[in-house]
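Content type compact mmCIF, N, CA and C atoms, from the file entry08.txt:
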# COMPACT_ATOMS: atom_id res chain seq x y z
N MET A 1 57.42 46.96 -27.05
CA MET A 1 58.10 47.49 -25.89
C MET A 1 58.41 48.96 -26.14
N ALA A 2 58.35 49.75 -25.14
CA ALA A 2 58.59 51.19 -25.25
C ALA A 2 60.04 51.47 -25.63
N ASP A 3 60.24 52.49 -26.42
CA ASP A 3 61.57 52.90 -26.87
C ASP A 3 62.18 53.81 -25.81
N ARG A 4 62.98 53.24 -24.90
CA ARG A 4 63.48 53.99 -23.74
C ARG A 4 64.97 54.32 -23.80
N ASN A 5 65.64 53.95 -24.90
CA ASN A 5 67.08 54.15 -25.01
C ASN A 5 67.46 54.61 -26.41
N ASP A 6 68.40 55.52 -26.48
CA ASP A 6 69.00 55.89 -27.76
C ASP A 6 70.30 55.12 -27.86
N ILE A 7 70.51 54.46 -29.00
CA ILE A 7 71.71 53.65 -29.21
C ILE A 7 72.39 54.14 -30.47
N ASP A 8 73.70 54.36 -30.36
CA ASP A 8 74.47 54.84 -31.49
C ASP A 8 75.85 54.22 -31.48
N VAL A 9 76.45 54.11 -32.65
CA VAL A 9 77.83 53.66 -32.77
C VAL A 9 78.64 54.88 -33.19
N ILE A 10 79.59 55.26 -32.35
CA ILE A 10 80.42 56.43 -32.61
C ILE A 10 81.87 55.97 -32.55
N GLY A 11 82.55 56.05 -33.68
CA GLY A 11 83.91 55.56 -33.73
C GLY A 11 83.92 54.08 -33.43
N GLY A 12 84.70 53.66 -32.49
CA GLY A 12 84.76 52.26 -32.10
C GLY A 12 84.00 51.95 -30.84
N GLU A 13 82.95 52.75 -30.56
CA GLU A 13 82.20 52.56 -29.31
C GLU A 13 80.69 52.49 -29.55
N LEU A 14 80.07 51.67 -28.74
CA LEU A 14 78.62 51.60 -28.68
C LEU A 14 78.18 52.51 -27.55
N VAL A 15 77.33 53.49 -27.87
CA VAL A 15 76.91 54.48 -26.88
C VAL A 15 75.41 54.31 -26.63
N ILE A 16 75.05 54.09 -25.38
CA ILE A 16 73.65 53.92 -24.97
C ILE A 16 73.29 55.07 -24.05
N VAL A 17 72.22 55.78 -24.41
CA VAL A 17 71.77 56.91 -23.60
C VAL A 17 70.30 56.66 -23.22
N PRO A 18 70.03 56.42 -21.94
CA PRO A 18 68.65 56.29 -21.50
C PRO A 18 67.88 57.60 -21.73
N ARG A 19 66.61 57.48 -22.01
CA ARG A 19 65.80 58.67 -22.26
C ARG A 19 65.11 59.16 -20.99
N GLY A 20 64.93 60.47 -20.92
CA GLY A 20 64.13 61.10 -19.87
C GLY A 20 64.51 60.70 -18.46
N LEU A 21 63.49 60.40 -17.66
CA LEU A 21 63.70 60.06 -16.26
C LEU A 21 64.41 58.73 -16.05
N ASP A 22 64.53 57.94 -17.11
CA ASP A 22 65.26 56.68 -16.98
C ASP A 22 66.71 56.91 -16.58
N LYS A 23 67.25 58.08 -16.90
CA LYS A 23 68.60 58.43 -16.47
C LYS A 23 68.66 58.51 -14.94
N VAL A 24 67.61 59.04 -14.36
CA VAL A 24 67.54 59.19 -12.90
C VAL A 24 67.27 57.84 -12.26
N TRP A 25 66.24 57.14 -12.73
CA TRP A 25 65.86 55.86 -12.13
C TRP A 25 66.95 54.81 -12.26
N GLY A 26 67.70 54.85 -13.37
CA GLY A 26 68.73 53.85 -13.61
C GLY A 26 70.12 54.27 -13.17
N PHE A 27 70.25 55.49 -12.66
CA PHE A 27 71.53 56.02 -12.17
C PHE A 27 72.62 56.01 -13.25
N ARG A 28 72.23 56.22 -14.51
CA ARG A 28 73.19 56.28 -15.62
C ARG A 28 72.73 57.31 -16.63
N ARG A 29 73.64 58.23 -16.97
CA ARG A 29 73.34 59.18 -18.04
C ARG A 29 73.69 58.58 -19.39
N ARG A 30 74.67 57.68 -19.38
CA ARG A 30 75.06 56.99 -20.60
C ARG A 30 75.95 55.81 -20.25
N ILE A 31 75.98 54.86 -21.16
CA ILE A 31 76.86 53.70 -21.03
C ILE A 31 77.64 53.61 -22.34
N VAL A 32 78.94 53.50 -22.23
CA VAL A 32 79.80 53.39 -23.41
C VAL A 32 80.52 52.05 -23.35
N VAL A 33 80.39 51.26 -24.43
CA VAL A 33 81.04 49.96 -24.51
C VAL A 33 81.89 49.94 -25.78
N PRO A 34 83.19 49.71 -25.66
CA PRO A 34 84.01 49.56 -26.86
C PRO A 34 83.47 48.40 -27.70
N LEU A 35 83.42 48.57 -29.02
CA LEU A 35 82.89 47.52 -29.89
C LEU A 35 83.65 46.21 -29.72
N GLU A 36 84.93 46.29 -29.41
CA GLU A 36 85.71 45.07 -29.21
C GLU A 36 85.26 44.30 -27.97
N ASP A 37 84.52 44.93 -27.07
CA ASP A 37 84.02 44.27 -25.87
C ASP A 37 82.60 43.73 -26.01
N VAL A 38 81.96 43.96 -27.17
CA VAL A 38 80.63 43.41 -27.40
C VAL A 38 80.79 41.96 -27.82
N ALA A 39 80.42 41.05 -26.92
CA ALA A 39 80.58 39.61 -27.16
C ALA A 39 79.43 39.03 -27.96
N GLY A 40 78.30 39.70 -27.97
CA GLY A 40 77.14 39.22 -28.71
C GLY A 40 75.97 40.14 -28.51
N VAL A 41 75.04 40.05 -29.42
CA VAL A 41 73.83 40.86 -29.32
C VAL A 41 72.67 40.02 -29.84
N GLU A 42 71.58 40.05 -29.11
CA GLU A 42 70.41 39.25 -29.48
C GLU A 42 69.14 39.93 -29.02
N VAL A 43 68.02 39.35 -29.40
CA VAL A 43 66.72 39.84 -28.96
C VAL A 43 66.20 38.88 -27.90
N GLU A 44 65.95 39.40 -26.72
CA GLU A 44 65.37 38.60 -25.62
C GLU A 44 63.86 38.75 -25.71
N GLN A 45 63.18 37.68 -26.11
CA GLN A 45 61.73 37.74 -26.34
C GLN A 45 60.92 37.93 -25.06
N ARG A 46 61.40 37.39 -23.96
CA ARG A 46 60.67 37.47 -22.69
C ARG A 46 61.60 37.97 -21.58
N PRO A 47 61.97 39.23 -21.63
CA PRO A 47 62.92 39.72 -20.63
C PRO A 47 62.42 39.65 -19.20
N HIS A 48 61.11 39.72 -19.00
CA HIS A 48 60.59 39.72 -17.64
C HIS A 48 60.61 38.33 -17.00
N ARG A 49 61.03 37.33 -17.76
CA ARG A 49 61.20 35.98 -17.21
C ARG A 49 62.67 35.69 -16.88
N VAL A 50 63.55 36.63 -17.17
CA VAL A 50 64.97 36.47 -16.88
C VAL A 50 65.22 36.81 -15.42
N GLU A 51 66.02 35.99 -14.74
CA GLU A 51 66.35 36.27 -13.34
C GLU A 51 67.17 37.56 -13.26
N THR A 52 66.70 38.49 -12.47
CA THR A 52 67.40 39.77 -12.34
C THR A 52 68.32 39.80 -11.12
N GLY A 53 68.07 38.98 -10.14
CA GLY A 53 68.87 39.05 -8.91
C GLY A 53 68.45 40.25 -8.07
N TRP A 54 69.34 40.64 -7.18
CA TRP A 54 69.00 41.77 -6.32
C TRP A 54 69.27 43.09 -7.04
N ARG A 55 68.50 44.09 -6.71
CA ARG A 55 68.55 45.40 -7.35
C ARG A 55 69.40 46.35 -6.54
N GLY A 56 70.23 47.11 -7.22
CA GLY A 56 70.94 48.15 -6.50
C GLY A 56 72.06 48.77 -7.31
N PRO A 57 71.99 50.02 -7.54
CA PRO A 57 70.84 50.90 -7.38
C PRO A 57 69.93 50.83 -8.60
N GLY A 58 68.67 51.17 -8.42
CA GLY A 58 67.75 51.16 -9.54
C GLY A 58 66.30 51.10 -9.12
N LEU A 59 65.45 50.84 -10.12
CA LEU A 59 64.00 50.83 -9.95
C LEU A 59 63.45 49.51 -10.47
N ASP A 60 62.54 48.92 -9.71
CA ASP A 60 61.81 47.72 -10.11
C ASP A 60 60.36 47.96 -9.74
N ALA A 61 59.57 48.36 -10.75
CA ALA A 61 58.17 48.69 -10.50
C ALA A 61 57.31 48.09 -11.61
N GLY A 62 56.73 46.94 -11.34
CA GLY A 62 55.89 46.29 -12.35
C GLY A 62 56.71 45.83 -13.54
N THR A 63 56.37 46.36 -14.72
CA THR A 63 57.11 45.99 -15.93
C THR A 63 58.24 46.98 -16.24
N LYS A 64 58.55 47.85 -15.29
CA LYS A 64 59.63 48.82 -15.45
C LYS A 64 60.82 48.39 -14.61
N LEU A 65 61.93 48.11 -15.29
CA LEU A 65 63.20 47.79 -14.63
C LEU A 65 64.23 48.76 -15.16
N SER A 66 64.86 49.49 -14.26
CA SER A 66 65.87 50.44 -14.68
C SER A 66 66.97 50.50 -13.62
N GLY A 67 68.19 50.19 -14.05
CA GLY A 67 69.30 50.28 -13.12
C GLY A 67 70.16 49.03 -13.13
N THR A 68 70.93 48.87 -12.06
CA THR A 68 71.87 47.77 -11.93
C THR A 68 71.23 46.64 -11.13
N PHE A 69 71.35 45.44 -11.68
CA PHE A 69 70.82 44.24 -11.03
C PHE A 69 71.93 43.22 -10.94
N HIS A 70 71.84 42.36 -9.92
CA HIS A 70 72.93 41.45 -9.62
C HIS A 70 72.45 40.00 -9.53
N PRO A 71 72.28 39.33 -10.69
CA PRO A 71 72.02 37.90 -10.60
C PRO A 71 73.30 37.20 -10.15
N PRO A 72 73.23 35.94 -9.71
CA PRO A 72 74.41 35.26 -9.16
C PRO A 72 75.63 35.36 -10.08
N GLY A 73 76.71 35.95 -9.55
CA GLY A 73 77.97 36.03 -10.26
C GLY A 73 78.04 37.05 -11.39
N GLU A 74 77.04 37.90 -11.52
CA GLU A 74 77.00 38.86 -12.62
C GLU A 74 76.57 40.24 -12.15
N ARG A 75 76.76 41.17 -13.04
CA ARG A 75 76.27 42.53 -12.84
C ARG A 75 75.64 42.95 -14.17
N THR A 76 74.34 43.25 -14.15
CA THR A 76 73.63 43.58 -15.38
C THR A 76 72.99 44.96 -15.28
N TYR A 77 72.77 45.57 -16.43
CA TYR A 77 72.06 46.85 -16.48
C TYR A 77 70.77 46.62 -17.24
N TRP A 78 69.71 47.12 -16.67
CA TRP A 78 68.38 47.02 -17.29
C TRP A 78 67.81 48.42 -17.49
N ASN A 79 67.24 48.65 -18.65
CA ASN A 79 66.35 49.78 -18.85
C ASN A 79 65.26 49.30 -19.80
N VAL A 80 64.30 48.61 -19.19
CA VAL A 80 63.23 47.92 -19.90
C VAL A 80 61.91 48.41 -19.35
N SER A 81 60.98 48.67 -20.26
CA SER A 81 59.67 49.16 -19.84
C SER A 81 58.58 48.52 -20.70
N GLY A 82 57.60 47.93 -20.04
CA GLY A 82 56.46 47.36 -20.74
C GLY A 82 56.70 45.93 -21.21
N PRO A 83 55.66 45.32 -21.78
CA PRO A 83 55.77 43.95 -22.27
C PRO A 83 56.47 43.93 -23.63
N GLY A 84 56.94 42.76 -24.01
CA GLY A 84 57.54 42.59 -25.33
C GLY A 84 59.03 42.34 -25.26
N ALA A 85 59.62 42.23 -26.43
CA ALA A 85 61.04 41.89 -26.56
C ALA A 85 61.94 43.05 -26.17
N ALA A 86 63.16 42.70 -25.77
CA ALA A 86 64.18 43.71 -25.43
C ALA A 86 65.48 43.34 -26.14
N LEU A 87 66.30 44.32 -26.36
CA LEU A 87 67.62 44.10 -26.91
C LEU A 87 68.54 43.63 -25.79
N LEU A 88 69.32 42.59 -26.04
CA LEU A 88 70.25 42.05 -25.05
C LEU A 88 71.66 42.12 -25.63
N ILE A 89 72.54 42.82 -24.93
CA ILE A 89 73.93 42.96 -25.37
C ILE A 89 74.82 42.27 -24.33
N HIS A 90 75.63 41.33 -24.80
CA HIS A 90 76.58 40.64 -23.94
C HIS A 90 77.91 41.38 -24.01
N VAL A 91 78.50 41.64 -22.84
CA VAL A 91 79.74 42.41 -22.77
C VAL A 91 80.84 41.52 -22.19
N ARG A 92 81.98 41.48 -22.89
CA ARG A 92 83.11 40.71 -22.37
C ARG A 92 84.05 41.64 -21.62
N GLY A 93 84.82 41.09 -20.74
CA GLY A 93 85.77 41.88 -20.01
C GLY A 93 85.22 42.53 -18.76
N ARG A 94 83.93 42.52 -18.60
CA ARG A 94 83.22 43.04 -17.44
C ARG A 94 83.82 44.32 -16.88
N LYS A 95 83.91 45.32 -17.71
CA LYS A 95 84.37 46.62 -17.22
C LYS A 95 83.31 47.25 -16.33
N SER A 96 82.07 47.18 -16.75
CA SER A 96 80.97 47.68 -15.94
C SER A 96 79.88 46.63 -15.76
N PHE A 97 79.44 46.06 -16.87
CA PHE A 97 78.31 45.13 -16.84
C PHE A 97 78.62 43.90 -17.68
N ASP A 98 77.99 42.77 -17.31
CA ASP A 98 78.10 41.55 -18.09
C ASP A 98 77.08 41.53 -19.23
N ARG A 99 75.90 42.09 -18.95
CA ARG A 99 74.83 42.13 -19.95
C ARG A 99 74.05 43.42 -19.80
N LEU A 100 73.49 43.88 -20.93
CA LEU A 100 72.63 45.06 -20.95
C LEU A 100 71.30 44.65 -21.56
N TYR A 101 70.20 44.94 -20.87
CA TYR A 101 68.85 44.69 -21.38
C TYR A 101 68.22 46.05 -21.64
N LEU A 102 67.78 46.28 -22.89
CA LEU A 102 67.33 47.61 -23.27
C LEU A 102 66.03 47.58 -24.06
N SER A 103 65.10 48.47 -23.71
CA SER A 103 63.91 48.68 -24.51
C SER A 103 64.27 49.60 -25.67
N VAL A 104 63.97 49.13 -26.85
CA VAL A 104 64.18 49.94 -28.06
C VAL A 104 62.95 49.77 -28.95
N GLY A 105 62.76 50.69 -29.87
CA GLY A 105 61.59 50.64 -30.74
C GLY A 105 61.52 49.37 -31.57
N ASP A 106 62.61 48.96 -32.18
CA ASP A 106 62.69 47.77 -33.01
C ASP A 106 63.94 46.99 -32.61
N ALA A 107 63.75 46.01 -31.74
CA ALA A 107 64.88 45.27 -31.19
C ALA A 107 65.67 44.53 -32.26
N GLU A 108 64.99 43.94 -33.23
CA GLU A 108 65.68 43.19 -34.29
C GLU A 108 66.52 44.13 -35.16
N ALA A 109 66.00 45.28 -35.51
CA ALA A 109 66.76 46.24 -36.32
C ALA A 109 67.99 46.74 -35.54
N ALA A 110 67.82 47.00 -34.26
CA ALA A 110 68.94 47.44 -33.43
C ALA A 110 69.98 46.33 -33.31
N ARG A 111 69.54 45.09 -33.16
CA ARG A 111 70.45 43.95 -33.10
C ARG A 111 71.29 43.85 -34.36
N GLN A 112 70.64 43.97 -35.50
CA GLN A 112 71.35 43.89 -36.78
C GLN A 112 72.37 45.01 -36.93
N ARG A 113 71.96 46.21 -36.59
CA ARG A 113 72.84 47.38 -36.73
C ARG A 113 74.09 47.24 -35.85
N ILE A 114 73.90 46.79 -34.61
CA ILE A 114 75.04 46.63 -33.70
C ILE A 114 75.93 45.48 -34.16
N ALA A 115 75.32 44.36 -34.56
CA ALA A 115 76.10 43.21 -35.02
C ALA A 115 76.95 43.59 -36.24
N GLU A 116 76.39 44.34 -37.16
CA GLU A 116 77.14 44.79 -38.34
C GLU A 116 78.29 45.71 -37.95
N ALA A 117 78.04 46.61 -37.01
CA ALA A 117 79.09 47.52 -36.56
C ALA A 117 80.23 46.75 -35.90
N VAL A 118 79.89 45.75 -35.07
CA VAL A 118 80.90 44.94 -34.40
C VAL A 118 81.71 44.17 -35.45
N GLU A 119 81.04 43.60 -36.43
CA GLU A 119 81.71 42.84 -37.48
C GLU A 119 82.63 43.73 -38.30
N GLN A 120 82.16 44.90 -38.69
CA GLN A 120 83.00 45.84 -39.45
C GLN A 120 84.19 46.30 -38.63
N PHE A 121 83.98 46.58 -37.37
CA PHE A 121 85.07 47.01 -36.50
C PHE A 121 86.11 45.91 -36.37
N ALA A 122 85.66 44.67 -36.16
CA ALA A 122 86.58 43.55 -36.01
C ALA A 122 87.36 43.33 -37.30
N GLY A 123 86.71 43.46 -38.45
CA GLY A 123 87.39 43.31 -39.73
C GLY A 123 88.44 44.39 -39.94
N GLY A 124 88.12 45.62 -39.58
CA GLY A 124 89.07 46.73 -39.71
C GLY A 124 90.23 46.58 -38.77
N THR A 125 89.99 46.05 -37.57
CA THR A 125 91.05 45.85 -36.59
C THR A 125 92.00 44.77 -37.07
N ARG A 126 91.46 43.69 -37.64
CA ARG A 126 92.31 42.61 -38.16
C ARG A 126 93.20 43.11 -39.30
N GLU A 127 92.63 43.94 -40.17
CA GLU A 127 93.40 44.48 -41.30
C GLU A 127 94.55 45.33 -40.82
N LYS A 128 94.35 46.12 -39.77
CA LYS A 128 95.39 46.99 -39.24
C LYS A 128 96.51 46.18 -38.60
N ARG A 129 96.18 45.03 -38.02
CA ARG A 129 97.17 44.21 -37.33
C ARG A 129 98.08 43.45 -38.29
N THR A 130 97.62 43.16 -39.49
CA THR A 130 98.44 42.36 -40.42
C THR A 130 99.40 43.21 -41.20

Target encoding structure tokens, full file:
Amino acid sequence: MADRNDIDVIGGELVIVPRGLDKVWGFRRRIVVPLEDVAGVEVEQRPHRVETGWRGPGLDAGTKLSGTFHPPGERTYWNVSGPGAALLIHVRGRKSFDRLYLSVGDAEAARQRIAEAVEQFAGGTREKRT
């Protein structure tokens, strides 16, 4: 799958920045999710078989999905291009989106990196509370 998103962990936040024209097509320059709101992260092997619901605003052209989609009872963000696996991030608290589907160069490596950051953040938060 094409690498269409830059993903970074800065402080206690997960920062996703779509690349190039994906910012325009997806109507987002960046998405910021507090690590405490990341409910899970996985690799979706067949993202194009996932129900997207109605689109708005965004782009749906062949294997390119970019923008906000509304499956029943949810609001999801997609920036996926081409065949192959995508990174799937589950968000709790629904501040903006319930799930994020993202094309990245190595979905498994990105999944591991985010999961480790969430785990470290949660461990540090627990230590501060006690």

Could you give me, as an NGL selection string, the residues within 6 Å of Asp98 (chain A), counting only C-alpha atoms and dropping anything in the same chain fewer than 6 positions from it? :A and (75-76 or 91)

Å distance separating atom C of Glu51 (chain A) from atom C of Ala2 (chain A), one decimal place: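 Pair atom C of Glu51 (chain A) / atom C of Ala2 (chain A) returns 19.9 Å.
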
One decimal, Å: what's the distance from CA of Arg19 (chain A) over to CA of Pro47 (chain A), could you say?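 These atoms are spaced 19.2 Å apart.
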
Of the candidates A:Gly40, A:Gly105, A:Pro18, A:Gly67, which shows the shortest atom-to-atom distance to Leu88 (chain A), using only C-alpha atoms? A:Gly40

Of the residues A:Pro72, A:Gly12, A:Gly84, A:Pro57, which is the one nearest to Val118 (chain A), using only C-alpha atoms?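 Closest candidate: A:Gly12.
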
Coordinates-based distance that separates CA of Ala122 (chain A) from atom N of Val80 (chain A) (Å, one decimal):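 So the two atoms, atom N of Val80 (chain A) and CA of Ala122 (chain A), lie 28.4 Å apart.
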
Env of Lys95 (chain A): 12 Å cut, atoms = only C-alpha atoms, seq-sep filter 5 positions within chain, self excluded. Answer as a VMD selection string. chain A and resid 31 to 34 37 to 38 74 to 76 90

Using only C-alpha atoms, find the one residue out of A:Leu100, A:Ala117, A:Val43, A:Leu35 that sits nearest to Leu65 (chain A). A:Leu100

Go through A:Val41, A:Trp54, A:Asn5, A:Arg29 and flag the residue nearest Ile114 (chain A), using all atoms listed in the file for the distances.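 Among A:Val41, A:Trp54, A:Asn5, A:Arg29, it is A:Val41 that comes nearest to Ile114 (chain A).
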
Contacts of Pro83 (chain A) at 10 Å or less, counting only C-alpha atoms, minus same-chain residues fewer than 5 places along, as a PyMOL selection string? chain A and resi 1-2+45-48+63-64+103

When you count all atoms listed in the file, which of these residues is closest to Val17 (chain A): A:Glu42, A:Gly123, A:Ala61, A:Arg4?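 Ranked by minimum distance to Val17 (chain A), first place goes to A:Arg4.
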
Residue set, chain A restricted to helix (DSSP H, G or I), as an MDAnalysis selection string: chainID A and resid 22:25 35:37 47:49 107:129
